[in-house]
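Structure file final-v6.cif (mmCIF, C-alpha atoms) is printed below.
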data_target
#
loop_
_atom_site.label_atom_id
_atom_site.label_comp_id
_atom_site.auth_asym_id
_atom_site.auth_seq_id
_atom_site.Cartn_x
_atom_site.Cartn_y
_atom_site.Cartn_z
CA MET P 45 -5.74 -9.50 10.98
CA LYS P 46 -3.67 -8.52 14.02
CA PHE P 47 -0.04 -7.44 14.20
CA ALA P 48 0.55 -10.35 16.57
CA ASP P 49 -0.56 -12.70 13.77
CA PHE P 50 2.22 -11.73 11.39
CA VAL P 51 4.86 -9.60 13.10
CA CYS P 52 7.82 -11.57 14.40
CA PHE P 53 8.46 -9.65 17.64
CA LYS P 54 11.73 -11.48 18.16
CA ALA P 55 13.04 -9.88 14.99
CA VAL P 56 12.07 -6.28 15.76
CA ILE P 57 15.03 -3.86 15.76
CA ALA P 58 14.70 -0.64 17.75
CA GLY P 59 18.01 0.80 16.63
CA LEU P 60 18.95 -0.04 13.05
CA GLN P 61 22.72 0.08 12.58
CA SER P 62 22.57 0.69 8.85
CA LYS P 63 22.47 4.20 7.50
CA ASP P 64 21.47 3.20 3.99
CA ARG P 65 18.45 1.51 2.43
CA ASP P 66 19.99 -1.76 1.28
CA GLY P 67 21.79 -2.18 4.60
CA ALA P 68 18.58 -1.68 6.56
CA ILE P 69 16.77 -4.21 4.36
CA ALA P 70 19.60 -6.73 4.86
CA GLU P 71 19.55 -6.15 8.62
CA LEU P 72 15.81 -6.81 8.86
CA VAL P 73 15.79 -9.86 6.59
CA THR P 74 18.78 -11.29 8.47
CA THR P 75 17.09 -10.90 11.84
CA LEU P 76 13.99 -12.68 10.49
CA ASP P 77 16.28 -15.43 9.24
CA LYS P 78 18.01 -15.70 12.61
CA ALA P 79 14.59 -15.98 14.25
CA GLY P 80 14.13 -19.06 12.07
CA ARG P 81 11.30 -17.65 9.97
CA LEU P 82 12.74 -17.95 6.47
CA GLY P 83 13.63 -21.62 6.14
CA GLN P 84 17.00 -22.83 4.87
CA ASP P 85 19.37 -20.74 2.74
CA ASN P 86 16.82 -18.15 1.67
CA CYS P 87 18.19 -15.09 3.42
CA LYS P 88 20.45 -13.73 0.67
CA LYS P 89 17.93 -14.52 -2.05
CA ILE P 90 15.24 -12.62 -0.19
CA ILE P 91 17.48 -9.62 0.46
CA ARG P 92 18.21 -9.44 -3.28
CA ALA P 93 14.51 -9.75 -4.14
CA VAL P 94 13.45 -7.00 -1.70
CA VAL P 95 16.15 -4.65 -3.03
CA LYS P 96 15.12 -5.43 -6.60
CA ARG P 97 11.50 -4.63 -5.79
CA GLU P 98 12.59 -1.43 -4.06
CA ASN P 99 14.58 -0.39 -7.14
CA GLU P 100 11.49 -0.79 -9.32
CA ALA P 101 9.46 1.63 -7.19
CA SER P 102 10.23 3.01 -3.77
CA THR P 103 8.01 1.86 -0.94
CA GLY P 104 8.90 5.01 0.99
CA MET P 105 5.37 6.29 1.35
CA GLY P 106 6.18 9.58 3.01
CA LYS P 107 5.90 10.72 6.62
CA GLY P 108 9.04 8.81 7.57
CA ILE P 109 7.65 5.39 6.67
CA ALA P 110 8.87 2.71 4.27
CA LEU P 111 7.34 -0.68 3.66
CA PRO P 112 9.76 -2.83 1.66
CA HIS P 113 8.13 -6.13 0.74
CA VAL P 114 8.38 -9.14 -1.51
CA LYS P 115 6.63 -12.38 -2.30
CA SER P 116 8.68 -15.45 -1.59
CA SER P 117 8.21 -19.19 -1.69
CA ALA P 118 10.35 -19.31 1.49
CA VAL P 119 7.32 -18.42 3.60
CA LYS P 120 3.97 -20.18 3.96
CA ASP P 121 2.38 -17.24 5.74
CA VAL P 122 2.83 -13.47 5.83
CA ILE P 123 5.71 -12.52 8.09
CA ALA P 124 6.86 -9.03 9.04
CA THR P 125 9.29 -7.17 11.21
CA VAL P 126 9.87 -3.55 12.14
CA GLY P 127 13.07 -1.52 12.24
CA GLN P 128 13.56 1.92 13.71
CA SER P 129 16.33 4.27 12.72
CA SER P 130 17.28 7.25 14.86
CA THR P 131 19.29 8.94 12.11
CA GLY P 132 16.94 8.44 9.19
CA ILE P 133 17.54 6.48 5.98
CA ASP P 134 17.28 7.63 2.38
CA PHE P 135 14.63 5.42 0.76
CA SER P 136 14.01 7.75 -2.20
CA ALA P 137 10.66 8.29 -0.52
CA LEU P 138 7.76 9.95 -2.32
CA ASP P 139 8.13 13.07 -0.18
CA LYS P 140 11.95 12.93 -0.48
CA GLN P 141 12.23 12.88 3.32
CA PRO P 142 14.32 10.38 5.33
CA VAL P 143 12.68 7.22 6.63
CA PHE P 144 12.69 6.43 10.35
CA SER P 145 10.33 3.44 10.51
CA VAL P 146 10.86 0.48 8.19
CA ILE P 147 8.30 -2.29 8.08
CA LEU P 148 9.52 -5.32 6.16
CA LEU P 149 6.89 -7.71 4.86
CA ILE P 150 7.45 -11.12 3.25
CA SER P 151 4.36 -12.72 1.74
CA PRO P 152 3.72 -16.17 0.29
CA VAL P 153 3.51 -16.30 -3.51
CA ASP P 154 0.10 -17.89 -3.73
CA ASP P 155 -2.00 -15.91 -1.26
CA PRO P 156 -2.45 -12.33 -2.47
CA ASP P 157 -5.41 -11.74 -0.15
CA LYS P 158 -3.34 -12.43 2.97
CA HIS P 159 -0.76 -9.93 1.78
CA LEU P 160 -3.49 -7.33 1.31
CA GLN P 161 -4.95 -7.99 4.77
CA ALA P 162 -1.55 -7.38 6.34
CA MET P 163 -1.17 -4.17 4.30
CA GLU P 164 -4.61 -3.04 5.40
CA LYS P 165 -3.71 -3.54 9.05
CA ILE P 166 -0.36 -1.77 8.71
CA PHE P 167 -1.74 1.25 6.86
CA LYS P 168 -4.79 1.61 9.04
CA HIS P 169 -2.47 2.44 11.92
CA LEU P 170 0.31 4.16 10.00
CA GLN P 171 -2.21 6.70 8.86
CA GLN P 172 -2.70 7.85 12.43
CA GLU P 173 -0.21 10.50 13.37
CA LYS P 174 -0.29 9.30 16.96
CA PHE P 175 0.76 5.79 15.97
CA ARG P 176 3.60 7.05 13.78
CA LYS P 177 4.81 9.26 16.60
CA PHE P 178 4.73 6.45 19.18
CA LEU P 179 6.56 4.15 16.79
CA ARG P 180 9.24 6.74 16.20
CA GLN P 181 9.65 7.41 19.92
CA SER P 182 10.15 3.73 20.72
CA GLN P 183 13.59 3.13 22.21
CA THR P 184 13.51 -0.64 22.63
CA ALA P 185 12.13 -3.65 20.78
CA ALA P 186 9.87 -4.29 23.79
CA GLN P 187 8.32 -0.83 23.41
CA ILE P 188 7.63 -1.51 19.73
CA GLU P 189 6.04 -4.84 20.62
CA ASP P 190 3.89 -3.13 23.29
CA LEU P 191 2.76 -0.51 20.79
CA LEU P 192 1.78 -3.11 18.18
CA ARG P 193 -0.04 -5.23 20.75
CA GLU P 194 -1.87 -2.16 22.01
CA ALA P 195 -2.86 -1.31 18.43
CA ASP P 196 -4.32 -4.81 18.14
CA GLU P 197 -6.66 -3.96 21.03
CA ASN P 198 -7.36 -0.37 20.01
CA PRO P 199 -8.38 0.25 16.39
CA PHE P 200 -8.09 4.01 16.88
CA LEU P 201 -4.41 3.97 17.80
CA MET R 1147 -6.66 7.82 -26.48
CA ASN R 1148 -10.32 7.87 -27.37
CA ARG R 1149 -11.32 10.47 -24.85
CA LYS R 1150 -14.55 11.34 -26.63
CA ILE R 1151 -15.90 7.84 -26.48
CA GLU R 1152 -14.99 7.57 -22.83
CA TYR R 1153 -16.68 10.86 -22.18
CA LYS R 1154 -19.91 9.72 -23.83
CA LEU R 1155 -19.82 6.49 -21.89
CA SER R 1156 -19.45 8.30 -18.64
CA GLU R 1157 -22.25 10.69 -19.47
CA ARG R 1158 -24.58 7.80 -19.87
CA ARG R 1159 -23.51 5.80 -16.85
CA CYS R 1160 -22.64 8.43 -14.29
CA VAL R 1161 -24.88 9.95 -11.74
CA ILE R 1162 -24.35 13.55 -12.61
CA ALA R 1163 -25.28 16.37 -10.36
CA GLU R 1164 -24.53 19.94 -11.19
CA ALA R 1165 -24.13 22.30 -8.34
CA GLN R 1166 -23.54 25.98 -8.66
CA GLU R 1167 -20.71 27.15 -6.53
CA GLY R 1168 -19.46 30.60 -7.40
CA THR R 1169 -18.73 30.61 -11.09
CA LEU R 1170 -17.03 27.23 -11.13
CA GLU R 1171 -18.89 24.38 -12.69
CA LYS R 1172 -19.02 21.55 -10.17
CA LEU R 1173 -19.82 18.09 -11.34
CA VAL R 1174 -20.22 15.01 -9.26
CA CYS R 1175 -19.64 11.66 -10.84
CA GLU R 1176 -19.89 8.36 -9.04
CA ARG R 1177 -19.28 4.85 -10.29
CA GLU R 1178 -18.72 1.41 -8.90
CA VAL R 1179 -15.73 -0.52 -10.22
CA GLU R 1180 -14.55 -4.05 -9.55
CA ILE R 1181 -10.97 -5.09 -8.90
CA LYS R 1182 -10.13 -7.68 -11.58
CA ASN R 1183 -6.42 -8.39 -11.25
CA ALA R 1184 -5.56 -11.42 -9.14
CA ALA R 1185 -3.20 -9.65 -6.75
CA GLY R 1186 -5.76 -6.97 -5.93
CA LEU R 1187 -5.05 -3.38 -4.97
CA HIS R 1188 -1.57 -3.84 -3.54
CA MET R 1189 0.96 -1.06 -3.32
CA ARG R 1190 1.91 -0.72 -6.96
CA PRO R 1191 -1.67 -0.57 -8.27
CA ALA R 1192 -2.49 1.85 -5.46
CA MET R 1193 0.35 4.08 -6.65
CA GLN R 1194 -0.88 3.90 -10.25
CA PHE R 1195 -4.34 4.87 -9.04
CA VAL R 1196 -3.01 7.84 -7.06
CA ASP R 1197 -0.87 8.91 -10.03
CA ILE R 1198 -3.87 9.08 -12.33
CA ALA R 1199 -6.21 10.57 -9.72
CA SER R 1200 -3.69 13.32 -9.02
CA ARG R 1201 -3.77 14.47 -12.65
CA PHE R 1202 -7.29 15.76 -12.14
CA LYS R 1203 -8.51 18.86 -10.38
CA SER R 1204 -11.52 17.08 -8.92
CA ASP R 1205 -11.59 15.70 -5.40
CA ILE R 1206 -11.63 11.93 -5.61
CA ALA R 1207 -12.98 9.68 -2.88
CA VAL R 1208 -12.86 5.90 -2.97
CA ALA R 1209 -15.04 3.75 -0.72
CA LYS R 1210 -14.81 0.07 0.14
CA ALA R 1211 -17.84 -0.85 2.25
CA ASP R 1212 -17.51 1.47 5.27
CA THR R 1213 -13.94 2.54 4.63
CA ASN R 1214 -13.33 5.80 2.81
CA ALA R 1215 -10.07 6.87 1.26
CA ASP R 1216 -8.77 9.94 -0.48
CA GLY R 1217 -8.01 8.75 -4.02
CA LYS R 1218 -4.95 11.01 -4.12
CA SER R 1219 -3.36 9.69 -0.92
CA ILE R 1220 -1.11 6.66 -1.29
CA MET R 1221 -1.37 5.76 2.39
CA GLN R 1222 -5.14 5.84 2.36
CA MET R 1223 -5.42 3.96 -0.92
CA SER R 1224 -3.02 1.28 0.35
CA MET R 1225 -5.19 0.92 3.42
CA LEU R 1226 -8.17 -0.10 1.26
CA ALA R 1227 -6.26 -3.28 0.37
CA ALA R 1228 -9.06 -4.36 -1.95
CA THR R 1229 -8.82 -8.00 -2.96
CA CYS R 1230 -9.70 -9.35 -6.40
CA GLY R 1231 -13.48 -9.18 -6.84
CA THR R 1232 -13.94 -6.32 -4.40
CA LYS R 1233 -16.20 -3.50 -5.53
CA LEU R 1234 -15.07 0.06 -4.93
CA LYS R 1235 -17.12 3.20 -5.30
CA ILE R 1236 -15.25 6.05 -6.95
CA ARG R 1237 -16.69 9.50 -6.44
CA ALA R 1238 -15.23 12.53 -8.14
CA GLN R 1239 -16.30 16.08 -7.56
CA GLY R 1240 -15.00 19.00 -9.55
CA PRO R 1241 -14.77 20.44 -13.06
CA ASP R 1242 -13.18 17.29 -14.57
CA ALA R 1243 -15.12 14.71 -12.54
CA LEU R 1244 -16.36 12.83 -15.62
CA ASP R 1245 -12.93 12.40 -17.15
CA ALA R 1246 -11.43 11.46 -13.79
CA VAL R 1247 -13.89 8.66 -13.16
CA ALA R 1248 -13.59 7.43 -16.75
CA ALA R 1249 -9.80 7.31 -16.54
CA LEU R 1250 -9.82 5.52 -13.18
CA GLN R 1251 -12.36 2.99 -14.35
CA GLU R 1252 -10.20 2.32 -17.39
CA LEU R 1253 -7.20 1.68 -15.12
CA VAL R 1254 -9.06 -0.66 -12.75
CA GLU R 1255 -11.35 -2.62 -15.05
CA VAL R 1256 -9.85 -2.41 -18.54
CA GLU R 1257 -6.10 -2.17 -17.98
CA LYS R 1258 -6.43 -4.06 -14.68
CA PHE R 1259 -3.31 -2.21 -13.54
CA GLY R 1260 -1.37 -4.11 -16.22
CA GLU R 1261 -1.53 -7.27 -14.11
CA PRO R 1262 -2.79 -10.81 -14.69
CA VAL R 1263 -6.31 -11.86 -13.79
CA PRO R 1264 -6.95 -15.03 -11.72
CA GLY R 1265 -5.85 -18.18 -13.53
CA GLN R 1266 -3.39 -16.35 -15.76
CA THR R 1267 0.21 -17.36 -15.11
CA ILE R 1268 2.46 -14.87 -13.47
CA GLY R 1269 5.78 -14.40 -15.21
CA GLU R 1270 8.03 -14.16 -12.20
CA GLN R 1271 7.85 -16.20 -9.05
CA GLU R 1272 9.85 -13.98 -6.77
CA GLN R 1273 8.50 -10.52 -7.39
#
Would you mind giving the structure from this file in C-alpha cells?
Amino acid sequence: MKFADFVCFKAVIAGLQSKDRDGAIAELVTTLDKAGRLGQDNCKKIIRAVVKRENEASTGMGKGIALPHVKSSAVKDVIATVGQSSTGIDFSALDKQPVFSVILLISPVDDPDKHLQAMEKIFKHLQQEKFRKFLRQSQTAAQIEDLLREADENPFL
Amino acid sequence: MNRKIEYKLSERRCVIAEAQEGTLEKLVCEREVEIKNAAGLHMRPAMQFVDIASRFKSDIAVAKADTNADGKSIMQMSMLAATCGTKLKIRAQGPDALDAVAALQELVEVEKFGEPVPGQTIGEQEQ
C-alpha cells in the first residue's frame, strides 16, 4: 500500500495550532471532515472515539511520533492525515517525550487487514531515522506531501 | 500459571541449541506461531507482545516472511502488521529462551491477545 492510497494530502497540517493531545486530534479530524472524507455529521463522534482510544493506551510510540487511530463506520476505506507540531505535544508517549509528528488513521470497521497494511506502510518508514527527521523538518503541507510521495517511490526512505 | 507444563511442552517442541559463551548458558529456542485473532497484530496486540517479550533477558526476534523485527521494539513489531492467519517465527536467544517463547506462544495462540477470532461478534462497533 502507498501513502498516496490512503493519506488525504488536502488535510495535512504542517503547523498544528493545538498544544495539547485532544486539541491536536480534533484539529486533524476536523480537517479530514472539511476535506469531505468523513461523511455527514461524523466529525464530533470520531473525535470522541479517537480520544477514548487514546485514553485506553497511548499511541505515542516514542521518538516524537504518535499514531492516534480508530475504526469507524463513517469510512469505507482507510483514510489518514499528518500533523506536525513545532512545539511538541504531550501524548503520554512510551518514552515520556513530546510528540512532534501525529499521524491520524481512521479505518473501516470490517476490514482489519487494510488497517494493518496501512500500519505496515507507516511504520516501515517511521522506523527510519532519516524519514522521521525529514518529516519533522517539513515546514509546509506541500513538503510533507512531497516526502510521502517520495517514500512511495523509495522503500529505503 | 502452570509454568512447568509449559516448560515441558517447549522442551519437546523447540529446536534447542546450547552454545557456550563465557560462563553464561545460552539457549536458542525457535517456534512458529499463527495469528488467530480476527484483527491481527495491530497496535494493542503488538504492545502486549513487547510487554511480555521485555520481561525476559533473552534477545527475541520475530520474522514474517522476509521481514525481521526486534520483539522488544514496539515500532518494529507494529511494522510486521501480521494479519489473521499469518505465521510468525519467534526466535529467542538467552538464558530464559524457553520460557520466553512459551509465554509468547501462549499470548498469540492461546490467549489470542484477548481478542475475538473470525466470526465471533465484536462487542463495540466504534473502537
Notebook entry, point to check: When the PyMOL selection byres ((chain P and resi 160) around 9) is applied to the file above, which residues end up in the set, as a PyMOL selection string?
Noted result: (chain P and resi 156-159+161-165) or (chain R and resi 1185-1189+1224-1229)
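When the distance limit is 12 Å and only C-alpha atoms are what count, the residues near Lys46 of chain P, minus those fewer than 4 positions from it on the same chain, are Phe50, Val51, Cys52, Val122, Ile123, Ala124, Lys158, Gln161, Ala162, Met163, Glu164, Lys165, Ile166, Lys168, His169, Leu192, Arg193, Glu194, Ala195, Asp196, Glu197, Asn198 and Pro199 of chain P.
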Export of prior selection with C-alpha atoms as a compact mmCIF listing (two decimals), in the frame of the given file:
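Contents of part32.txt, as written:
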# COMPACT_ATOMS: atom_id res chain seq x y z
CA PHE P 50 2.22 -11.73 11.39
CA VAL P 51 4.86 -9.60 13.10
CA CYS P 52 7.82 -11.57 14.40
CA VAL P 122 2.83 -13.47 5.83
CA ILE P 123 5.71 -12.52 8.09
CA ALA P 124 6.86 -9.03 9.04
CA LYS P 158 -3.34 -12.43 2.97
CA GLN P 161 -4.95 -7.99 4.77
CA ALA P 162 -1.55 -7.38 6.34
CA MET P 163 -1.17 -4.17 4.30
CA GLU P 164 -4.61 -3.04 5.40
CA LYS P 165 -3.71 -3.54 9.05
CA ILE P 166 -0.36 -1.77 8.71
CA LYS P 168 -4.79 1.61 9.04
CA HIS P 169 -2.47 2.44 11.92
CA LEU P 192 1.78 -3.11 18.18
CA ARG P 193 -0.04 -5.23 20.75
CA GLU P 194 -1.87 -2.16 22.01
CA ALA P 195 -2.86 -1.31 18.43
CA ASP P 196 -4.32 -4.81 18.14
CA GLU P 197 -6.66 -3.96 21.03
CA ASN P 198 -7.36 -0.37 20.01
CA PRO P 199 -8.38 0.25 16.39
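As for atom CA of Ile90 of chain P and atom CA of Val73 of chain P, they are spaced 7.3 Å apart.
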Next item on the list: Carefully work through the PyMOL selection byres ((chain P and resi 115) around 10) for this structure and note down the residues it includes, as a PyMOL selection string.
Entry: (chain P and resi 90+93-94+97+113-114+116-119+122+149-156+159) or (chain R and resi 1271-1273)
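Coordinates place atom CA of Leu138 of chain P at a distance of 15.5 Å from atom CA of Leu170 of chain P.
Minimum atom-to-atom distance to chain R, evaluated using all atoms listed in the file, belongs to P:Gly106 out of P:Gly106, P:Ser129, P:Gln181, P:Lys140.
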Check: Skipping near chain neighbours, those fewer than 5 positions away, what residues fall within 10 Å of Ala1184 of chain R using all atoms listed in the file, listed as a PyMOL selection string?
Finding: (chain P and resi 155-157) or (chain R and resi 1229-1231+1258+1261-1266+1268)
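The environment of Ala185 of chain P within 9 Å, counting only C-alpha atoms and disregarding residues fewer than 4 places along the same chain, consists of Phe53, Lys54, Ala55, Val56, Ile57, Ala58, Gly59, Val126, Gly127, Glu189 and Asp190 of chain P.
One finds atom CA of Phe200 of chain P at 22.0 Å from atom CA of Gln128 of chain P.
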Next item on the list: Take the PyMOL selection byres ((chain R and resi 1223) around 12), apply it to the structure above, and return the hits as a VMD selection string.
Entry: (chain P and resid 105 160 163 to 164 167 to 168 171) or (chain R and resid 1187 to 1197 1199 1206 to 1210 1213 to 1222 1224 to 1228 1234 1236)
Notebook entry, point to check: If you count only C-alpha atoms, which residues fall within 10 Å of Phe1202 of chain R, apart from same-chain ones fewer than 2 positions away, as a VMD selection string?
Noted result: chain R and resid 1197 to 1200 1204 to 1206 1218 1238 1240 to 1243 1245 to 1247 1249
Mind filling out segment 116-127 of chain P with N, CA and C atoms and sending it as a PDB file, in the frame of the given file?
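File produced: result-v4.pdb:
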ATOM      1  N   SER P 116       7.630 -14.430  -1.572  1.00  0.00           N
ATOM      2  CA  SER P 116       8.680 -15.450  -1.590  1.00  0.00           C
ATOM      3  C   SER P 116       8.115 -16.815  -1.251  1.00  0.00           C
ATOM      4  N   SER P 117       8.641 -17.816  -1.965  1.00  0.00           N
ATOM      5  CA  SER P 117       8.210 -19.190  -1.690  1.00  0.00           C
ATOM      6  C   SER P 117       8.821 -19.692  -0.382  1.00  0.00           C
ATOM      7  N   ALA P 118       9.716 -18.893   0.221  1.00  0.00           N
ATOM      8  CA  ALA P 118      10.350 -19.310   1.490  1.00  0.00           C
ATOM      9  C   ALA P 118       9.367 -19.255   2.651  1.00  0.00           C
ATOM     10  N   VAL P 119       8.269 -18.525   2.498  1.00  0.00           N
ATOM     11  CA  VAL P 119       7.320 -18.420   3.600  1.00  0.00           C
ATOM     12  C   VAL P 119       5.959 -19.007   3.215  1.00  0.00           C
ATOM     13  N   LYS P 120       5.302 -19.599   4.195  1.00  0.00           N
ATOM     14  CA  LYS P 120       3.970 -20.180   3.960  1.00  0.00           C
ATOM     15  C   LYS P 120       2.901 -19.179   4.394  1.00  0.00           C
ATOM     16  N   ASP P 121       3.318 -18.227   5.228  1.00  0.00           N
ATOM     17  CA  ASP P 121       2.380 -17.240   5.740  1.00  0.00           C
ATOM     18  C   ASP P 121       3.064 -15.875   5.740  1.00  0.00           C
ATOM     19  N   VAL P 122       2.262 -14.814   5.812  1.00  0.00           N
ATOM     20  CA  VAL P 122       2.830 -13.470   5.830  1.00  0.00           C
ATOM     21  C   VAL P 122       3.664 -13.306   7.104  1.00  0.00           C
ATOM     22  N   ILE P 123       4.864 -12.748   6.932  1.00  0.00           N
ATOM     23  CA  ILE P 123       5.710 -12.520   8.090  1.00  0.00           C
ATOM     24  C   ILE P 123       6.327 -11.111   7.975  1.00  0.00           C
ATOM     25  N   ALA P 124       6.366 -10.404   9.085  1.00  0.00           N
ATOM     26  CA  ALA P 124       6.860  -9.030   9.040  1.00  0.00           C
ATOM     27  C   ALA P 124       7.750  -8.731  10.226  1.00  0.00           C
ATOM     28  N   THR P 125       8.561  -7.694  10.067  1.00  0.00           N
ATOM     29  CA  THR P 125       9.290  -7.170  11.210  1.00  0.00           C
ATOM     30  C   THR P 125       9.430  -5.655  11.042  1.00  0.00           C
ATOM     31  N   VAL P 126       9.816  -5.001  12.125  1.00  0.00           N
ATOM     32  CA  VAL P 126       9.870  -3.550  12.140  1.00  0.00           C
ATOM     33  C   VAL P 126      11.268  -3.113  12.546  1.00  0.00           C
ATOM     34  N   GLY P 127      11.787  -2.096  11.867  1.00  0.00           N
ATOM     35  CA  GLY P 127      13.070  -1.520  12.240  1.00  0.00           C
ATOM     36  C   GLY P 127      12.943  -0.015  12.404  1.00  0.00           C
TER      37      GLY P 127
END
